[in-house]
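Chemist: Here's a structure for you.
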Amino acid sequence: MTYYGHGTAAERWERARMFFDAKDYAAAARVLDELVDEVPEQTGPRLLLARAYYHSAQLRRAEDELRFLVERDPVEHYARLMLGRTLQRQGRHEEAESHLRIASALSGEFDPR
């Protein structure tokens, strides 16, 4: 068993958070990828995995994880916000706009002007 997959789910969650906090996003993603497979119903690990992918410029992977979250929970405003930003970073501004507007509305920051 490799270091990234060693330990209980809680230990791996903490390890992934430590890597993420240290800005070692690729290492965090390696830990989280396996963890998400084990606990697919939990939002936290999948959202952190998407963020790790985003920060390590694995934008298609980030998009896939975020789309999964938004499909499962359409009112998860942070996943919507991250999906919008991920799409923007890929140059898909028009597609990003709808997700950013929904995220803004869900967080209570929507300005209809």
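Ordering of the structure tokens sets the chain letters (A, B, ...), residue numbers begin anew at 1 in every chain, and ligands are numbered from 1 in the order given.
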Write out as a PyMOL selection string the residues lying within 9 Å of region 51-55 of chain A, counting only C-alpha atoms and excluding same-chain residues fewer than 2 positions away.

Modeler: chain A and resi 20+23-29+32+46-49+57-63+82+86

Chemist: Which residue, A:Gln90, A:Gln42, A:Ser104, A:Ser98, has the smallest gap to Ala9 (chain A) when you use only C-alpha atoms?

Modeler: A:Gln42

Chemist: Pick out each residue of chain A that DSSP on the backbone tags as helix (DSSP H, G or I); I need them as a PyMOL selection string.

Modeler: chain A and resi 9-21+25-38+43-55+59-72+77-89+93-107

Chemist: Restricting the calculation to only C-alpha atoms: of A:Arg30, A:His6, A:Arg92, A:Arg67, which residue gets closest to Arg80 (chain A)?

Modeler: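 For Arg80 (chain A), the nearest of the given residues is A:Arg67.
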
Chemist: Just want the 9 Å neighbourhood of Ala79 (chain A), counted on only C-alpha atoms, with same-chain residues fewer than 3 positions away dropped. Output as a CSV table (one decimal) with C-alpha atoms, in the first residue's frame.

Modeler:
```csv
chain,number,residue,atom,x,y,z
A,47,LEU,CA,-15.3,19.1,-3.4
A,50,ALA,CA,-12.2,19.3,-7.4
A,66,LEU,CA,-18.0,19.7,-9.9
A,67,ARG,CA,-20.6,18.6,-12.5
A,69,LEU,CA,-21.7,17.5,-7.3
A,70,VAL,CA,-24.1,20.0,-9.0
A,74,PRO,CA,-28.2,21.6,-7.6
A,75,VAL,CA,-28.2,24.1,-4.7
A,76,GLU,CA,-24.6,23.4,-3.6
A,82,MET,CA,-16.1,26.6,-8.6
A,83,LEU,CA,-17.7,25.1,-11.7
A,84,GLY,CA,-18.2,28.6,-13.1
A,103,ALA,CA,-24.0,30.5,-7.3
```
